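Asker: One file: protein.cif (mmCIF, C-alpha atoms and all ligand atoms).
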data_coords
loop_
_atom_site.label_atom_id
_atom_site.label_comp_id
_atom_site.auth_asym_id
_atom_site.auth_seq_id
_atom_site.Cartn_x
_atom_site.Cartn_y
_atom_site.Cartn_z
CA MET V 7 30.33 -18.05 -37.65
CA LYS V 8 28.07 -18.12 -34.68
CA LEU V 9 24.40 -17.75 -33.99
CA VAL V 10 23.94 -14.45 -32.27
CA SER V 11 20.25 -14.34 -31.79
CA LEU V 12 17.31 -16.49 -32.59
CA LEU V 13 14.07 -14.76 -33.42
CA ALA V 14 10.83 -16.54 -32.78
CA PHE V 15 9.13 -17.04 -36.07
CA VAL V 16 5.82 -18.64 -36.83
CA SER V 17 4.85 -19.86 -40.26
CA LEU V 18 1.61 -21.48 -41.35
CA ILE V 19 3.38 -23.37 -44.10
CA SER V 20 6.30 -25.03 -42.40
CA SER V 21 8.70 -24.37 -39.60
CA ALA V 22 10.88 -21.49 -40.72
CA LEU V 23 14.04 -20.47 -38.94
CA ALA V 24 15.02 -16.79 -38.78
CA VAL V 25 18.44 -15.92 -37.41
CA TYR V 26 21.28 -13.46 -37.47
CA VAL V 27 24.34 -15.04 -39.09
CA THR V 28 27.74 -13.44 -38.42
CA SER V 29 29.67 -12.72 -41.61
CA ALA V 30 33.47 -12.90 -41.79
CA ASP V 31 33.94 -9.24 -40.84
CA GLY V 32 31.46 -9.45 -38.00
CA THR V 33 28.48 -7.89 -39.79
CA GLN V 34 25.18 -9.42 -38.73
CA ILE V 35 23.22 -10.80 -41.67
CA TRP V 36 19.54 -11.49 -41.15
CA ALA V 37 18.59 -14.78 -42.80
CA GLU V 38 15.75 -17.22 -42.81
CA SER V 39 15.00 -20.68 -44.18
CA THR V 40 11.84 -22.57 -44.99
CA GLY V 41 10.80 -25.62 -46.96
CA ASP V 42 12.16 -29.17 -47.08
CA PRO V 43 15.87 -29.53 -46.18
CA THR V 44 16.10 -32.73 -48.24
CA GLN V 45 15.19 -30.81 -51.42
CA PRO V 46 17.45 -28.62 -53.59
CA ALA V 47 18.50 -25.37 -51.91
CA VAL V 48 17.68 -21.99 -53.47
CA VAL V 49 19.05 -18.82 -51.86
CA PHE V 50 17.05 -15.65 -52.60
CA ILE V 51 18.88 -12.31 -52.57
CA PRO V 52 16.93 -9.03 -52.87
CA GLY V 53 17.81 -6.04 -55.01
CA PHE V 54 19.37 -2.68 -54.17
CA SER V 55 17.84 -1.04 -51.07
CA CYS V 56 15.23 -3.80 -50.80
CA SER V 57 14.50 -6.44 -48.19
CA SER V 58 14.13 -10.18 -48.59
CA LEU V 59 10.47 -9.83 -47.60
CA ALA V 60 9.95 -9.08 -51.30
CA PHE V 61 9.98 -12.85 -51.94
CA GLU V 62 6.69 -13.36 -50.08
CA LYS V 63 5.06 -15.14 -53.04
CA GLN V 64 7.84 -17.72 -53.08
CA TRP V 65 8.12 -17.99 -49.31
CA GLY V 66 4.47 -18.62 -48.66
CA ASP V 67 3.85 -20.98 -51.56
CA PRO V 68 3.14 -24.58 -50.47
CA ILE V 69 4.47 -26.09 -53.71
CA MET V 70 7.74 -24.17 -53.34
CA ASN V 71 7.96 -25.31 -49.72
CA SER V 72 7.51 -28.97 -50.56
CA ASN V 73 9.89 -28.96 -53.55
CA LEU V 74 12.72 -26.73 -52.32
CA PHE V 75 14.73 -25.74 -49.29
CA MET V 76 14.52 -21.94 -49.49
CA VAL V 77 16.87 -19.48 -47.85
CA ARG V 78 16.62 -15.69 -48.03
CA TYR V 79 18.72 -13.01 -46.44
CA ASP V 80 18.94 -9.26 -46.18
CA VAL V 81 22.01 -7.93 -47.98
CA ARG V 82 24.36 -5.97 -45.67
CA GLY V 83 23.19 -2.39 -45.35
CA GLN V 84 19.63 -3.43 -46.25
CA GLY V 85 16.53 -4.62 -44.41
CA ILE V 86 17.39 -5.56 -40.84
CA SER V 87 20.92 -6.76 -41.51
CA GLY V 88 23.88 -4.87 -40.10
CA GLN V 89 24.62 -1.53 -41.67
CA PRO V 90 28.31 -0.73 -41.05
CA MET V 91 29.00 2.99 -41.46
CA ASN V 92 32.17 2.75 -43.52
CA GLN V 93 32.43 2.26 -47.27
CA SER V 94 35.16 -0.35 -46.86
CA PHE V 95 32.44 -2.78 -45.69
CA TYR V 96 30.62 -2.70 -49.04
CA GLY V 97 33.08 -4.48 -51.31
CA SER V 98 32.76 -7.54 -53.53
CA GLN V 99 34.52 -9.76 -50.99
CA GLN V 100 32.12 -8.81 -48.20
CA PHE V 101 29.08 -9.54 -50.37
CA ALA V 102 30.61 -12.95 -51.19
CA GLN V 103 31.35 -13.64 -47.51
CA ASP V 104 27.77 -12.90 -46.53
CA PHE V 105 26.47 -15.47 -49.02
CA LYS V 106 29.03 -18.02 -47.76
CA ALA V 107 28.20 -17.43 -44.10
CA VAL V 108 24.49 -17.85 -44.80
CA ILE V 109 24.76 -21.09 -46.83
CA ASP V 110 27.17 -22.57 -44.28
CA TYR V 111 24.85 -21.68 -41.43
CA PHE V 112 21.92 -23.45 -43.09
CA GLY V 113 24.03 -26.51 -43.92
CA VAL V 114 23.96 -26.14 -47.70
CA GLY V 115 27.50 -24.83 -48.22
CA ASN V 116 28.59 -28.15 -49.74
CA LYS V 117 25.37 -28.80 -51.65
CA LYS V 118 25.79 -26.40 -54.55
CA PRO V 119 22.84 -24.15 -53.73
CA ILE V 120 21.18 -22.14 -56.48
CA LEU V 121 21.73 -18.40 -56.16
CA ALA V 122 18.49 -16.60 -57.04
CA GLY V 123 18.96 -12.84 -57.23
CA TRP V 124 16.60 -9.99 -57.86
CA SER V 125 18.20 -7.06 -59.70
CA MET V 126 21.53 -6.18 -57.97
CA GLY V 127 21.11 -9.41 -55.95
CA GLY V 128 21.91 -11.50 -59.04
CA ILE V 129 25.40 -10.11 -59.46
CA THR V 130 26.38 -11.72 -56.15
CA ALA V 131 27.23 -14.76 -58.31
CA ALA V 132 30.26 -12.87 -59.63
CA ASP V 133 31.40 -12.04 -56.08
CA VAL V 134 31.03 -15.67 -55.04
CA ALA V 135 32.90 -16.94 -58.12
CA THR V 136 35.83 -14.61 -57.40
CA TYR V 137 36.30 -15.52 -53.74
CA TYR V 138 35.07 -19.13 -53.50
CA GLY V 139 35.04 -20.43 -57.08
CA VAL V 140 32.07 -20.76 -59.36
CA ASN V 141 31.55 -24.37 -58.25
CA LEU V 142 30.28 -23.26 -54.86
CA ILE V 143 26.91 -22.74 -56.56
CA GLY V 144 24.91 -25.06 -58.78
CA GLY V 145 23.35 -22.35 -60.93
CA VAL V 146 21.97 -18.84 -60.97
CA VAL V 147 18.44 -17.47 -61.30
CA LEU V 148 18.30 -13.87 -62.51
CA MET V 149 15.04 -12.05 -61.79
CA GLY V 150 14.93 -8.53 -63.24
CA SER V 151 18.67 -8.91 -62.94
CA PHE V 152 21.91 -9.07 -64.88
CA PRO V 153 25.06 -11.18 -64.51
CA TYR V 154 27.69 -8.73 -63.26
CA ARG V 155 28.08 -5.09 -62.32
CA SER V 156 30.21 -3.67 -65.12
CA MET V 157 27.79 -4.78 -67.87
CA HIS V 158 24.87 -2.92 -66.26
CA PRO V 159 25.12 0.06 -68.66
CA LEU V 160 24.37 -2.34 -71.55
CA VAL V 161 20.99 -3.30 -70.10
CA ALA V 162 20.01 -0.36 -67.86
CA THR V 163 16.95 1.54 -69.07
CA PRO V 164 17.20 5.29 -69.59
CA TRP V 165 14.53 5.64 -66.89
CA ILE V 166 16.56 3.93 -64.14
CA LEU V 167 19.74 5.80 -65.12
CA SER V 168 17.88 9.08 -64.73
CA PHE V 169 16.29 7.94 -61.46
CA ILE V 170 19.47 6.78 -59.68
CA PRO V 171 20.60 10.33 -58.76
CA GLN V 172 17.19 10.88 -57.16
CA LEU V 173 17.54 7.59 -55.26
CA LEU V 174 20.85 8.83 -53.89
CA ASN V 175 19.49 12.28 -52.98
CA TYR V 176 20.05 13.23 -49.32
CA SER V 177 17.13 15.64 -49.32
CA LEU V 178 14.47 14.60 -46.82
CA PRO V 179 11.64 16.49 -48.60
CA ALA V 180 12.48 14.54 -51.77
CA PHE V 181 12.55 11.19 -50.01
CA GLY V 182 8.86 10.28 -49.68
CA PRO V 183 7.96 10.67 -53.35
CA THR V 184 11.24 8.98 -54.33
CA ALA V 185 10.50 5.95 -52.16
CA LYS V 186 6.98 5.68 -53.56
CA THR V 187 8.16 6.00 -57.15
CA PHE V 188 10.88 3.42 -56.54
CA ALA V 189 8.49 0.85 -55.03
CA GLU V 190 5.93 1.36 -57.79
CA SER V 191 8.60 1.15 -60.51
CA CYS V 192 9.40 -2.41 -59.46
CA VAL V 193 6.14 -3.84 -60.80
CA ALA V 194 4.41 -3.67 -64.15
CA TYR V 195 1.42 -1.70 -62.87
CA GLY V 196 2.69 0.43 -59.99
CA GLY V 197 -0.61 2.15 -59.33
CA GLN V 198 -2.15 -1.24 -58.56
CA LEU V 199 0.53 -2.40 -56.11
CA ASP V 200 -1.26 -3.26 -52.86
CA GLN V 201 -0.68 -0.84 -49.99
CA GLY V 202 0.90 -3.40 -47.65
CA THR V 203 3.53 -4.38 -50.17
CA LYS V 204 4.13 -0.80 -51.23
CA TYR V 205 4.81 0.34 -47.67
CA THR V 206 6.99 -2.70 -46.98
CA TRP V 207 9.17 -1.85 -49.96
CA MET V 208 9.21 1.88 -49.16
CA GLY V 209 10.11 0.97 -45.58
CA ALA V 210 13.15 -1.01 -46.68
CA LEU V 211 14.41 2.08 -48.48
CA ALA V 212 13.62 4.31 -45.49
CA GLY V 213 15.57 2.07 -43.09
CA GLN V 214 18.77 2.49 -45.02
CA HIS V 215 21.16 5.35 -44.27
CA PRO V 216 21.65 7.41 -47.46
CA ASP V 217 25.44 6.98 -47.14
CA VAL V 218 24.95 3.22 -47.40
CA ARG V 219 23.09 3.61 -50.67
CA VAL V 220 25.95 5.69 -52.04
CA TRP V 221 28.54 3.15 -50.84
CA SER V 222 26.64 0.07 -52.04
CA ILE V 223 25.80 1.12 -55.54
CA PRO V 224 29.32 0.91 -57.03
CA HIS V 225 29.65 -2.78 -56.01
CA THR V 226 32.90 -2.98 -57.99
CA GLN V 227 33.69 -6.58 -58.88
CA ASN V 228 35.96 -8.66 -61.06
CA GLU V 229 33.78 -10.90 -63.23
CA SER V 230 36.70 -12.94 -64.67
CA ALA V 231 36.08 -16.00 -62.51
CA LEU V 232 32.38 -16.04 -63.35
CA MET V 233 32.98 -15.48 -67.05
CA ALA V 234 35.60 -18.23 -67.23
CA ALA V 235 32.59 -20.54 -66.77
CA ASN V 236 30.34 -18.66 -69.19
CA ARG V 237 29.73 -21.70 -71.43
CA THR V 238 28.71 -24.05 -68.65
CA ILE V 239 27.28 -22.31 -65.57
CA PRO V 240 23.51 -22.80 -65.69
CA TYR V 241 21.37 -19.65 -65.68
CA LEU V 242 17.63 -19.25 -65.51
CA VAL V 243 16.59 -15.75 -66.54
CA LEU V 244 13.08 -14.64 -65.55
CA HIS V 245 12.34 -11.23 -66.99
CA GLY V 246 9.42 -8.96 -67.82
CA THR V 247 8.83 -6.92 -70.95
CA MET V 248 7.61 -4.13 -68.63
CA ASP V 249 10.78 -4.06 -66.49
CA LYS V 250 11.45 -0.34 -65.97
CA HIS V 251 15.00 -0.95 -64.70
CA VAL V 252 16.54 -3.59 -66.97
CA ASP V 253 15.79 -3.89 -70.69
CA GLY V 254 14.78 -7.48 -71.40
CA GLN V 255 15.66 -7.49 -75.09
CA ASN V 256 19.13 -6.10 -74.46
CA LEU V 257 19.64 -8.63 -71.69
CA ARG V 258 18.54 -11.45 -73.99
CA ASN V 259 21.06 -10.29 -76.60
CA PHE V 260 23.80 -10.13 -73.97
CA MET V 261 23.03 -13.62 -72.70
CA ASN V 262 22.97 -15.01 -76.24
CA ASN V 263 26.34 -13.47 -76.99
CA ASN V 264 28.12 -14.20 -73.70
CA PHE V 265 26.62 -17.29 -72.06
CA GLY V 266 26.12 -20.80 -73.33
CA ASN V 267 23.87 -22.60 -70.87
CA PHE V 268 20.74 -20.72 -69.95
CA VAL V 269 17.01 -20.56 -70.24
CA PHE V 270 15.48 -17.16 -70.90
CA ARG V 271 11.88 -16.25 -70.17
CA LEU V 272 10.55 -12.86 -71.19
CA TRP V 273 7.01 -12.40 -69.87
CA ASN V 274 4.37 -9.89 -70.91
CA ASN V 275 2.58 -7.84 -68.25
CA THR V 276 5.57 -8.38 -65.97
CA GLY V 277 7.85 -5.75 -64.47
CA HIS V 278 11.18 -5.60 -62.64
CA ALA V 279 10.02 -7.87 -59.80
CA SER V 280 9.27 -10.71 -62.23
CA PHE V 281 8.84 -13.20 -59.36
CA PHE V 282 6.19 -10.91 -57.83
CA ASP V 283 4.26 -10.02 -60.99
CA ASN V 284 4.29 -13.60 -62.29
CA PRO V 285 4.74 -15.84 -59.25
CA GLY V 286 3.07 -18.82 -60.94
CA GLY V 287 5.49 -18.73 -63.84
CA ALA V 288 8.51 -17.95 -61.68
CA ASN V 289 7.83 -20.66 -59.11
CA PHE V 290 7.23 -23.27 -61.81
CA GLU V 291 10.47 -22.37 -63.60
CA ILE V 292 12.58 -22.26 -60.42
CA ILE V 293 11.39 -25.70 -59.29
CA ALA V 294 11.98 -27.16 -62.76
CA PHE V 295 15.46 -25.61 -62.91
CA ALA V 296 16.35 -26.96 -59.46
CA ARG V 297 15.12 -30.44 -60.42
CA ARG V 298 17.15 -30.50 -63.60
CA LEU V 299 20.31 -29.54 -61.73
CA ARG V 300 19.58 -32.07 -58.99
CA ASP V 301 19.10 -34.76 -61.64
CA GLY V 302 22.52 -34.05 -63.07
CA TRP V 303 21.71 -32.06 -66.19
CA THR V 304 24.94 -30.27 -66.99
CA ILE V 305 23.75 -28.62 -70.18
CA LEU V 306 20.17 -27.42 -70.05
CA SER V 307 19.49 -27.33 -73.77
CA SER V 308 21.22 -27.05 -77.10
CA SER V 309 18.87 -24.16 -77.79
CA PRO V 310 19.00 -22.36 -74.46
CA ASP V 311 16.87 -19.40 -75.35
CA SER V 312 13.82 -21.53 -76.07
CA ALA V 313 14.32 -24.54 -73.83
CA ILE V 314 11.20 -26.11 -72.43
CA PHE V 315 11.57 -27.58 -68.96
CA PRO V 316 9.75 -30.77 -68.05
CA PRO V 317 6.89 -30.05 -65.67
CA PRO V 318 7.75 -30.20 -61.95
C1 LIG Q 401 36.99 2.75 -42.72
O1 LIG Q 401 37.65 1.52 -42.80
C2 LIG Q 401 38.98 1.63 -43.24
C3 LIG Q 401 39.50 0.23 -43.52
O2 LIG Q 401 39.09 -0.67 -42.53
C4 LIG Q 401 39.78 2.38 -42.22
O3 LIG Q 401 41.13 2.52 -42.64
C5 LIG Q 401 39.17 3.76 -42.02
O4 LIG Q 401 39.81 4.43 -40.98
C6 LIG Q 401 37.69 3.64 -41.71
N1 LIG Q 401 37.09 4.96 -41.72
C7 LIG Q 401 36.37 5.42 -40.72
C8 LIG Q 401 35.82 6.80 -40.89
O5 LIG Q 401 36.16 4.78 -39.72
C1 LIG Q 402 17.32 16.48 -54.53
O1 LIG Q 402 16.13 17.00 -53.95
C2 LIG Q 402 16.01 18.41 -54.00
C3 LIG Q 402 14.69 18.79 -53.37
O2 LIG Q 402 14.70 18.57 -52.01
C4 LIG Q 402 16.04 18.91 -55.42
O3 LIG Q 402 16.08 20.33 -55.42
C5 LIG Q 402 17.27 18.37 -56.14
O4 LIG Q 402 17.20 18.73 -57.49
C6 LIG Q 402 17.33 16.87 -56.00
N1 LIG Q 402 18.53 16.34 -56.66
C7 LIG Q 402 18.49 15.31 -57.47
C8 LIG Q 402 19.78 14.88 -58.04
O5 LIG Q 402 17.46 14.72 -57.73
C1 LIG Q 403 40.48 -10.15 -62.28
O1 LIG Q 403 40.77 -11.48 -61.91
C2 LIG Q 403 41.68 -12.13 -62.80
C3 LIG Q 403 41.86 -13.56 -62.31
O2 LIG Q 403 40.63 -14.23 -62.27
C4 LIG Q 403 43.00 -11.41 -62.84
O3 LIG Q 403 43.85 -12.03 -63.77
C5 LIG Q 403 42.78 -9.97 -63.21
O4 LIG Q 403 43.99 -9.26 -63.11
C6 LIG Q 403 41.75 -9.33 -62.29
N1 LIG Q 403 41.46 -7.98 -62.75
C7 LIG Q 403 41.57 -6.94 -61.95
C8 LIG Q 403 41.22 -5.61 -62.56
O5 LIG Q 403 41.91 -7.02 -60.79
C1 LIG Q 404 33.72 -17.47 -72.10
O1 LIG Q 404 34.14 -18.83 -72.04
C2 LIG Q 404 35.02 -19.21 -73.09
C3 LIG Q 404 35.23 -20.70 -72.98
O2 LIG Q 404 35.61 -21.07 -71.69
C4 LIG Q 404 36.29 -18.42 -72.96
O3 LIG Q 404 37.17 -18.74 -74.03
C5 LIG Q 404 35.96 -16.92 -73.00
O4 LIG Q 404 37.11 -16.17 -72.77
C6 LIG Q 404 34.91 -16.59 -71.95
N1 LIG Q 404 34.51 -15.19 -72.08
C7 LIG Q 404 34.85 -14.27 -71.20
C8 LIG Q 404 34.32 -12.90 -71.44
O5 LIG Q 404 35.55 -14.51 -70.23
C1 LIG Q 405 3.31 -10.42 -75.67
O1 LIG Q 405 3.03 -9.17 -76.21
C2 LIG Q 405 3.42 -9.04 -77.57
C3 LIG Q 405 3.27 -7.59 -77.98
O2 LIG Q 405 2.03 -7.11 -77.55
C4 LIG Q 405 2.61 -9.99 -78.41
O3 LIG Q 405 3.02 -9.92 -79.77
C5 LIG Q 405 2.83 -11.40 -77.92
O4 LIG Q 405 2.00 -12.31 -78.59
C6 LIG Q 405 2.55 -11.51 -76.42
N1 LIG Q 405 2.96 -12.82 -75.94
C7 LIG Q 405 2.18 -13.60 -75.23
C8 LIG Q 405 2.72 -14.92 -74.82
O5 LIG Q 405 1.06 -13.25 -74.87
#
If you took the structure in this file and wrote it as structure tokens, what would it be?
Ligand SMILES: *[C@@H]1O[C@H](CO)[C@@H](O)[C@H](O)[C@H]1NC(C)=O
Ligand SMILES: *[C@@H]1O[C@H](CO)[C@@H](O)[C@H](O)[C@H]1NC(C)=O
Ligand SMILES: *[C@@H]1O[C@H](CO)[C@@H](O)[C@H](O)[C@H]1NC(C)=O
Ligand SMILES: *[C@@H]1O[C@H](CO)[C@@H](O)[C@H](O)[C@H]1NC(C)=O
Ligand SMILES: *[C@@H]1O[C@H](CO)[C@@H](O)[C@H](O)[C@H]1NC(C)=O

Answerer:
Amino acid sequence: MKLVSLLAFVSLISSALAVYVTSADGTQIWAESTGDPTQPAVVFIPGFSCSSLAFEKQWGDPIMNSNLFMVRYDVRGQGISGQPMNQSFYGSQQFAQDFKAVIDYFGVGNKKPILAGWSMGGITAADVATYYGVNLIGGVVLMGSFPYRSMHPLVATPWILSFIPQLLNYSLPAFGPTAKTFAESCVAYGGQLDQGTKYTWMGALAGQHPDVRVWSIPHTQNESALMAANRTIPYLVLHGTMDKHVDGQNLRNFMNNNFGNFVFRLWNNTGHASFFDNPGGANFEIIAFARRLRDGWTILSSSPDSAIFPPP
């Protein structure tokens, strides 16, 4: 792994470092850190066709910056990371290697960072478990997300299933309305999404070659290594009742039936980007989760679905 280029970056909150990290196969992964390096590390991974700029309400929050060391990166084929034009670059192992390269670069590879994924970003935990062991990470935060790829049909909404073919459409005339619908579908009240954010999210979609969308969406993985730890690996699930992509009640049922150590929050007036629609709630819960893990809590609660965290 080597530093290929260093981008000047100015932050009002703290000194952030934005870099390109070289993944195992040579793909350049754009990544950035902020916050306090002595605090627990949380690595934010955006969803399908999105960029890590989506985490602006975590990134710019002074309380998050003083309580956490935050890392975010653009998934390969997304944002301003490398976009190799061959499907063989979009496999489970490559997604795991990108995470590993990023945490090693920022010096948290041996510190059990928390993997915090939005939507498809959350399933990276299964890639990491397969190729590096589940103990590489301290816990997982799922935001509008789900634990692994092959269970997606159990929680996918009819709306997103019907929309995916449109998202993969090569037609240029169809693209503008598709990008707008996609961006707006990520929040509870799409018509009220501010213009700057809307165009940032549409822009992430526009910057991606349509082939890369087609190659990335299968994300075939073997969840055995992750699920071998299903009773113990700590999960924090932050979900909205208005999520148009992932059904919160079905996800809650799946977590209850298949995992043993999690906290589940299902918020009203909150959509797919739960961390964006409810940043106060999300930031509070993420800090509390990180503190519990830092303080050596191995089991979060005997009643995981309703656990109350101590205040940060
Ligand atoms: C894609 O990658 C595979 C495996 O590395 C290789 O065999 C194949 O020739 C590549 N295809 C193209 C079109 O470059
Ligand atoms: C793709 O877009 C074209 C319009 O440009 C439309 O005719 C076609 O039905 C679309 N296909 C899908 C799967 O949405
Ligand atoms: C998945 O991984 C497990 C080992 O963790 C292995 O036994 C199993 O054969 C793998 N499944 C597939 C389909 O490769
Ligand atoms: C969940 O964990 C238990 C206990 O380790 C194990 O017996 C079970 O097979 C796991 N479930 C899956 C789906 O791997
Ligand atoms: C969320 O909405 C449901 C249905 O409208 C309502 O019953 C419930 O009390 C609300 N919860 C909170 C915390 O406001």

Asker: Quick one: distance from atom C5 of ligand LIG 402 (chain Q) to CA of Ser191 (chain V) in Å, one decimal?

Answerer: 19.8 Å

Asker: Residues of chain V within 12 Å of ligand LIG 405 (chain Q): nearest atom pair and distance (Å, one decimal) for each, counting all atoms listed in the file, sorted by chain and number, as JSON lines?

Answerer:
{"residue": "V:Gly246", "atom": "CA", "partner": "Q:LIG405", "partner_atom": "C1", "distance": 10.1}
{"residue": "V:Thr247", "atom": "CA", "partner": "Q:LIG405", "partner_atom": "C1", "distance": 8.1}
{"residue": "V:Met248", "atom": "CA", "partner": "Q:LIG405", "partner_atom": "O1", "distance": 10.2}
{"residue": "V:Arg271", "atom": "CA", "partner": "Q:LIG405", "partner_atom": "C8", "distance": 10.4}
{"residue": "V:Leu272", "atom": "CA", "partner": "Q:LIG405", "partner_atom": "C1", "distance": 8.9}
{"residue": "V:Trp273", "atom": "CA", "partner": "Q:LIG405", "partner_atom": "C8", "distance": 7.0}
{"residue": "V:Asn274", "atom": "CA", "partner": "Q:LIG405", "partner_atom": "C1", "distance": 4.9}
{"residue": "V:Asn275", "atom": "CA", "partner": "Q:LIG405", "partner_atom": "C1", "distance": 7.9}
{"residue": "V:Thr276", "atom": "CA", "partner": "Q:LIG405", "partner_atom": "C1", "distance": 10.2}
{"residue": "V:Gly287", "atom": "CA", "partner": "Q:LIG405", "partner_atom": "C8", "distance": 11.9}

Asker: Out of V:Ile166, V:Ile120, V:Leu174, V:Ala235, which residue has the shortest atom-to-atom distance to Pro216 (chain V) when counting all atoms listed in the file?

Answerer: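 Of V:Ile166, V:Ile120, V:Leu174, V:Ala235, the one nearest Pro216 (chain V), counting all atoms listed in the file, is V:Leu174.
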
Asker: Quick one: residues within 12 Å of region 175-183 of chain V, all atoms listed in the file counted, chain neighbours fewer than 6 positions away excluded, as a list in words?

Answerer: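 My list of contacting residues is Phe169, Ala189, Glu190, Ser191, Tyr205, Met208, Gly209, Leu211, Ala212, Gly213, Gln214, His215, Pro216, Asp217, Val218, Arg219 and Val220 of chain V.
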
Asker: Using all atoms listed in the file, which protein or nucleic acid residues are at most 6 Å from ligand LIG 404 (chain Q), as a list of chain:residue names?

Answerer: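 Going residue by residue within 6 Å of ligand LIG 404 (chain Q), we get V:Ser230, V:Met233, V:Ala234, V:Ala235, V:Asn236, V:Arg237.
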
Asker: Could you give me the axis-aligned bounding box of region 193-201 of chain V, with 4 Å of padding per side, as centre plus edge lengths in Å to one decimal, as AutoDock Vina command-line options?

Answerer:
--center_x 2.0 --center_y -0.8 --center_z -57.1 --size_x 16.3 --size_y 14.0 --size_z 22.2

Asker: Between atom O2 of ligand LIG 401 (chain Q) and CA of Trp36 (chain V), what is the distance in Å, rounded to a tenth?

Answerer: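 CA of Trp36 (chain V) lies at a distance of 22.4 Å from atom O2 of ligand LIG 401 (chain Q).
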
Asker: Within 10 Å of ligand LIG 403 (chain Q), counting all atoms listed in the file, which protein or nucleic acid residues do you find, written as a tab-separated table (two decimals) with C-alpha atoms, in the frame of the given file?

Answerer:
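That gives us pocket-v7.tsv:
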chain	number	residue	atom	x	y	z
V	135	ALA	CA	32.90	-16.94	-58.12
V	136	THR	CA	35.83	-14.61	-57.40
V	137	TYR	CA	36.30	-15.52	-53.74
V	139	GLY	CA	35.04	-20.43	-57.08
V	226	THR	CA	32.90	-2.98	-57.99
V	227	GLN	CA	33.69	-6.58	-58.88
V	228	ASN	CA	35.96	-8.66	-61.06
V	229	GLU	CA	33.78	-10.90	-63.23
V	230	SER	CA	36.70	-12.94	-64.67
V	231	ALA	CA	36.08	-16.00	-62.51
V	232	LEU	CA	32.38	-16.04	-63.35
V	233	MET	CA	32.98	-15.48	-67.05
V	234	ALA	CA	35.60	-18.23	-67.23

Asker: Quick one: of V:Gly266, V:Pro171, V:Gly254, V:Pro285, who's nearest to ligand LIG 402 (chain Q), counting all atoms listed in the file?

Answerer: V:Pro171

Asker: Could you check the closest approach to Asn256 (chain V) for each of V:Trp207, V:Tyr138, V:Phe268, V:Phe152 and tell me which residue wins, using only C-alpha atoms?

Answerer: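 Nearest to Asn256 (chain V): V:Phe152.
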
Asker: With distances taken over all atoms listed in the file, which residue among V:Met91, V:Ala288, V:Val27, V:Val81 lies nearest ligand LIG 401 (chain Q)?

Answerer: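 Nearest candidate to ligand LIG 401 (chain Q) out of V:Met91, V:Ala288, V:Val27, V:Val81: V:Met91.
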
Asker: Residues at most 12 Å from ligand LIG 401 (chain Q), using all atoms listed in the file? Could they come as a list in words?

Answerer: Asp31, Pro90, Met91, Asn92, Gln93, Ser94, Phe95, Tyr96, Gly97 and Trp221 of chain V

Asker: Could you give me, as a short mmCIF file (atom, residue, chain, number, x, y, z; two decimals) with C-alpha atoms, keeping the file's coordinate frame, the residues that have an atom at most 7 Å away from the point (22.4, -20.3, -39.9) in the coordinates of the file, using all atoms listed in the file?

Answerer:
data_model
loop_
_atom_site.label_atom_id
_atom_site.label_comp_id
_atom_site.auth_asym_id
_atom_site.auth_seq_id
_atom_site.Cartn_x
_atom_site.Cartn_y
_atom_site.Cartn_z
CA LEU V 9 24.40 -17.75 -33.99
CA VAL V 25 18.44 -15.92 -37.41
CA VAL V 27 24.34 -15.04 -39.09
CA VAL V 108 24.49 -17.85 -44.80
CA ASP V 110 27.17 -22.57 -44.28
CA TYR V 111 24.85 -21.68 -41.43
CA PHE V 112 21.92 -23.45 -43.09
#

Asker: Can you tell me, as a CSV table (one decimal) with C-alpha atoms, in the coordinates of the input, what residues are no more than 10 Å from region 64-70 of chain V when counting only C-alpha atoms, ignoring any on the same chain fewer than 2 positions away?

Answerer:
chain,number,residue,atom,x,y,z
V,17,SER,CA,4.8,-19.9,-40.3
V,18,LEU,CA,1.6,-21.5,-41.4
V,19,ILE,CA,3.4,-23.4,-44.1
V,20,SER,CA,6.3,-25.0,-42.4
V,22,ALA,CA,10.9,-21.5,-40.7
V,39,SER,CA,15.0,-20.7,-44.2
V,40,THR,CA,11.8,-22.6,-45.0
V,41,GLY,CA,10.8,-25.6,-47.0
V,42,ASP,CA,12.2,-29.2,-47.1
V,50,PHE,CA,17.0,-15.6,-52.6
V,58,SER,CA,14.1,-10.2,-48.6
V,59,LEU,CA,10.5,-9.8,-47.6
V,60,ALA,CA,10.0,-9.1,-51.3
V,61,PHE,CA,10.0,-12.8,-51.9
V,62,GLU,CA,6.7,-13.4,-50.1
V,72,SER,CA,7.5,-29.0,-50.6
V,73,ASN,CA,9.9,-29.0,-53.6
V,74,LEU,CA,12.7,-26.7,-52.3
V,75,PHE,CA,14.7,-25.7,-49.3
V,76,MET,CA,14.5,-21.9,-49.5
V,77,VAL,CA,16.9,-19.5,-47.8
V,78,ARG,CA,16.6,-15.7,-48.0
V,281,PHE,CA,8.8,-13.2,-59.4
V,282,PHE,CA,6.2,-10.9,-57.8
V,285,PRO,CA,4.7,-15.8,-59.2
V,286,GLY,CA,3.1,-18.8,-60.9
V,288,ALA,CA,8.5,-18.0,-61.7
V,289,ASN,CA,7.8,-20.7,-59.1
V,290,PHE,CA,7.2,-23.3,-61.8
V,292,ILE,CA,12.6,-22.3,-60.4
V,293,ILE,CA,11.4,-25.7,-59.3
V,318,PRO,CA,7.8,-30.2,-62.0
